[in-house]
>>> print(open('coords-v1.tsv').read())   # TSV, C-alpha atoms
chain	number	residue	atom	x	y	z
L	1	MET	CA	-38.89	51.51	8.45
L	2	SER	CA	-35.93	51.28	6.09
L	3	PRO	CA	-36.01	52.85	2.66
L	4	ARG	CA	-36.49	50.47	-0.25
L	5	LEU	CA	-33.46	49.98	-2.45
L	6	ASP	CA	-33.94	50.01	-6.16
L	7	GLN	CA	-31.94	47.74	-8.44
L	8	THR	CA	-30.14	50.87	-9.68
L	9	ASP	CA	-29.03	51.79	-6.14
L	10	GLN	CA	-27.27	48.50	-5.53
L	11	GLN	CA	-23.63	48.15	-6.43
L	12	LEU	CA	-23.58	44.76	-8.13
L	13	PRO	CA	-20.45	43.50	-9.84
L	14	ARG	CA	-20.66	43.35	-13.60
L	15	ASP	CA	-18.64	40.15	-13.96
L	16	SER	CA	-17.23	37.42	-11.76
L	17	ASN	CA	-13.69	38.86	-11.95
L	18	GLU	CA	-14.63	41.57	-9.48
L	19	PHE	CA	-14.97	39.01	-6.70
L	20	PRO	CA	-11.93	37.65	-4.87
L	21	GLY	CA	-11.21	34.08	-5.97
L	22	SER	CA	-12.37	34.74	-9.50
L	23	SER	CA	-13.29	32.06	-11.98
L	24	ASP	CA	-10.06	32.72	-13.89
L	25	PRO	CA	-8.16	29.41	-13.55
L	26	ALA	CA	-4.83	31.02	-14.42
L	27	ALA	CA	-5.17	33.48	-11.55
L	28	ASP	CA	-6.31	30.78	-9.13
L	29	ALA	CA	-3.46	28.43	-10.12
L	30	GLU	CA	-0.88	30.50	-8.27
L	31	ILE	CA	-0.35	31.04	-4.58
L	32	LEU	CA	0.39	34.67	-3.80
L	33	LEU	CA	2.86	35.05	-0.97
L	34	ASP	CA	2.57	38.72	-0.23
L	35	SER	CA	-0.03	41.00	1.25
L	36	THR	CA	-1.32	44.39	0.27
L	37	THR	CA	-1.82	45.39	3.91
L	38	GLN	CA	1.81	45.02	5.01
L	39	PRO	CA	5.24	45.60	3.51
L	40	VAL	CA	6.16	42.87	1.02
L	41	TRP	CA	9.42	42.08	2.86
L	42	ARG	CA	7.72	41.47	6.20
L	43	THR	CA	6.49	37.91	5.59
L	44	PRO	CA	9.81	36.52	4.26
L	45	LEU	CA	11.59	38.23	7.15
L	46	ILE	CA	9.28	36.58	9.70
L	47	ALA	CA	9.68	33.20	7.97
L	48	GLY	CA	13.47	33.59	7.96
L	49	VAL	CA	13.62	34.57	11.63
L	50	ALA	CA	11.40	31.61	12.57
L	51	ALA	CA	13.59	29.21	10.55
L	52	ALA	CA	16.75	30.69	12.08
L	53	CYS	CA	15.34	30.24	15.60
L	54	GLY	CA	14.51	26.62	14.81
L	55	CYS	CA	18.01	26.03	13.43
L	56	VAL	CA	19.62	27.59	16.52
L	57	ALA	CA	17.48	25.38	18.76
L	58	ILE	CA	18.52	22.29	16.78
L	59	ALA	CA	22.18	23.35	16.99
L	60	VAL	CA	22.04	24.00	20.74
L	61	VAL	CA	20.20	20.76	21.54
L	62	ASN	CA	22.09	18.54	19.10
L	63	PRO	CA	19.64	15.70	18.40
L	64	THR	CA	22.51	13.36	17.52
L	65	ASP	CA	24.17	13.72	20.93
L	66	THR	CA	21.32	14.41	23.36
L	67	GLY	CA	18.62	11.76	23.42
L	68	VAL	CA	15.89	13.78	21.78
L	69	PRO	CA	12.62	11.91	22.40
L	70	ILE	CA	11.89	9.15	19.94
L	71	CYS	CA	9.53	9.86	17.05
L	72	TRP	CA	5.92	8.88	17.81
L	73	SER	CA	5.72	6.58	14.77
L	74	ARG	CA	8.84	4.77	15.98
L	75	ALA	CA	7.49	4.60	19.54
L	76	VAL	CA	3.95	3.47	18.64
L	77	PHE	CA	4.39	1.44	15.44
L	78	GLY	CA	8.11	0.66	15.45
L	79	ILE	CA	8.69	2.22	12.03
L	80	ASP	CA	10.46	5.30	10.69
L	81	CYS	CA	8.08	7.92	9.33
L	82	PRO	CA	9.18	9.93	6.25
L	83	LEU	CA	10.58	12.64	8.55
L	84	CYS	CA	12.38	10.41	11.08
L	85	GLY	CA	15.95	11.62	11.27
L	86	GLY	CA	14.94	15.07	10.03
L	87	LEU	CA	16.25	16.94	13.09
L	88	ARG	CA	19.58	15.12	12.88
L	89	ALA	CA	19.70	15.78	9.12
L	90	THR	CA	19.02	19.48	9.72
L	91	ASN	CA	21.78	19.62	12.33
L	92	SER	CA	24.23	17.94	9.95
L	93	LEU	CA	23.29	20.30	7.10
L	94	MET	CA	23.91	23.32	9.33
L	95	ARG	CA	27.40	21.96	10.02
L	96	GLY	CA	28.06	21.43	6.29
L	97	ARG	CA	27.96	17.62	6.47
L	98	PHE	CA	25.70	16.79	3.53
L	99	LEU	CA	26.48	13.04	3.38
L	100	GLU	CA	25.85	12.69	7.10
L	101	ALA	CA	22.56	14.57	6.66
L	102	ALA	CA	21.58	12.27	3.79
L	103	ASP	CA	22.39	9.27	6.00
L	104	HIS	CA	19.92	10.53	8.62
L	105	ASN	CA	17.13	11.43	6.15
L	106	VAL	CA	17.81	11.82	2.45
L	107	LEU	CA	14.45	13.55	1.79
L	108	VAL	CA	15.16	16.28	4.34
L	109	ALA	CA	18.75	16.59	3.11
L	110	ILE	CA	17.44	17.30	-0.40
L	111	ALA	CA	14.40	19.39	0.55
L	112	LEU	CA	15.98	21.86	3.00
L	113	PRO	CA	18.52	23.33	0.54
L	114	ILE	CA	15.73	23.70	-2.03
L	115	VAL	CA	13.57	25.49	0.54
L	116	ALA	CA	16.53	27.74	1.42
L	117	VAL	CA	17.01	28.72	-2.24
L	118	ILE	CA	13.29	29.45	-2.59
L	119	TRP	CA	13.48	31.65	0.53
L	120	VAL	CA	16.46	33.60	-0.90
L	121	VAL	CA	14.52	34.20	-4.13
L	122	TRP	CA	11.50	35.28	-2.06
L	123	VAL	CA	13.63	37.79	-0.14
L	124	ALA	CA	15.20	39.11	-3.35
L	125	MET	CA	11.76	39.60	-4.90
L	126	ALA	CA	10.52	41.31	-1.74
L	127	VAL	CA	13.49	43.69	-1.68
L	128	ALA	CA	12.79	44.49	-5.34
L	129	GLY	CA	9.19	45.24	-4.36
L	130	LYS	CA	7.75	42.46	-6.49
L	131	PRO	CA	5.26	39.83	-5.36
L	132	PHE	CA	6.59	36.29	-5.10
L	133	ARG	CA	4.44	33.65	-6.71
L	134	ILE	CA	4.85	29.90	-6.53
L	135	PRO	CA	3.06	28.25	-9.43
L	136	ARG	CA	0.70	25.50	-8.41
L	137	PRO	CA	2.35	22.18	-9.27
L	138	PRO	CA	0.58	19.97	-11.79
L	139	THR	CA	-1.40	17.05	-10.41
L	140	TRP	CA	0.98	14.51	-11.94
L	141	LEU	CA	3.91	16.05	-10.04
L	142	ILE	CA	2.03	15.88	-6.74
L	143	ALA	CA	1.21	12.21	-7.47
L	144	VAL	CA	4.87	11.42	-8.31
L	145	LEU	CA	6.08	13.10	-5.11
L	146	ALA	CA	3.50	11.21	-3.02
L	147	ILE	CA	4.61	7.91	-4.59
L	148	LEU	CA	8.27	8.77	-3.93
L	149	VAL	CA	7.60	9.59	-0.27
L	150	ALA	CA	5.52	6.42	0.18
L	151	SER	CA	8.21	4.31	-1.52
L	152	PHE	CA	10.90	5.93	0.63
L	153	THR	CA	8.89	5.13	3.77
L	154	VAL	CA	8.39	1.48	2.78
L	155	LEU	CA	12.01	0.96	1.67
L	156	ARG	CA	13.54	2.52	4.77
L	157	ASN	CA	11.50	0.20	6.99
L	158	THR	CA	11.91	-3.10	5.11
L	159	GLY	CA	15.69	-3.47	5.19
L	160	GLY	CA	17.54	-5.47	2.58
L	161	PRO	CA	20.56	-4.56	0.49
L	162	ALA	CA	22.97	-1.93	1.79
L	163	TRP	CA	21.48	0.84	-0.36
L	164	VAL	CA	18.00	0.12	1.04
L	165	ASP	CA	19.19	-0.25	4.63
L	166	TRP	CA	21.01	3.09	4.25
L	167	LEU	CA	17.62	4.84	3.91
L	168	ALA	CA	16.65	3.99	7.51
L	169	SER	CA	17.23	6.70	10.08
L	170	GLY	CA	19.65	4.37	11.84
L	171	THR	CA	19.77	5.73	15.38
L	172	TYR	CA	17.12	3.46	16.85
L	173	ARG	CA	18.19	0.18	15.21
>>> encode(input="coords-v1.tsv", output="structure tokens")
Amino acid sequence: MSPRLDQTDQQLPRDSNEFPGSSDPAADAEILLDSTTQPVWRTPLIAGVAAACGCVAIAVVNPTDTGVPICWSRAVFGIDCPLCGGLRATNSLMRGRFLEAADHNVLVAIALPIVAVIWVVWVAMAVAGKPFRIPRPPTWLIAVLAILVASFTVLRNTGGPAWVDWLASGTYR
């Protein structure tokens, strides 16, 4: 038979802030990219090594030269998805050919340098021993980005004037 616990024996939190995932919207509006159980620099290092391995693989198997398998959306539906041309764009960016990368996939050509800058800031913060926080984007920004990606997908598949046709990934046409 187990002893009966009194209300005074139980360790109950006094307010909701003692629980993880508190009701404080300001605290929940940020994504924390570090851990208290491991060194702060470990996660950005792992992310950097993984990205470097991917870049080396893309450089070794140049998707522009080697017949990398066709994208599933191109194979099944006959259209370019928002990421079609992304491997070729990444390869071109690694070789310093920004315009060529933009010709393959302008979204990837813009996004990858931004991601690289964010990673450098993350590493700098980790080396300084500070946590790296990415503020949660406002809903309107997420909606605008979704509309831009959807518009990009439609425009690159419809053809038309030279500036619209330029958005297509180009290799399979």
>>> closest_residue(input="coords-v1.tsv", among="L:Lys130, L:Gly159, L:Ala168, L:Pro82", to="L:Ala146", atoms="all atoms listed in the file")
L:Pro82
>>> closest_residue(input="coords-v1.tsv", among="L:Arg133, L:His104, L:Arg42, L:Arg74", to="L:Ile118", atoms="all atoms listed in the file")
L:Arg133
>>> atom_distance(input="coords-v1.tsv", atom1="atom CA of L:Pro131", atom2="atom CA of L:Trp119")
13.0 Å
>>> atom_distance(input="coords-v1.tsv", atom1="atom CA of L:Gly54", atom2="atom CA of L:Val106")
19.6 Å
>>> residues_around(input="coords-v1.tsv", residues="L:Asp65", least_positions_apart="6", cutoff="12 Å", atoms="all atoms listed in the file", output="ChimeraX atom specification")
/L:58-59,87-88,91-92,171
>>> atom_distance(input="coords-v1.tsv", atom1="atom CA of L:Cys71", atom2="atom CA of L:Cys84")
6.6 Å
>>> closest_residue(input="coords-v1.tsv", among="L:Pro63, L:Phe132, L:Asp103, L:Ala50", to="L:Val120", atoms="all atoms listed in the file")
L:Phe132
>>> closest_residue(input="coords-v1.tsv", among="L:Val123, L:Ala143, L:Val61, L:Ala101", to="L:Thr43", atoms="all atoms listed in the file")
L:Val123
>>> axis_aligned_box(input="coords-v1.tsv", around="stretch 148-155 of chain L", padding_each_side="4 Å", output="JSON")
{"center_x": 8.8, "center_y": 5.3, "center_z": -0.1, "size_x": 14.5, "size_y": 16.6, "size_z": 15.7}
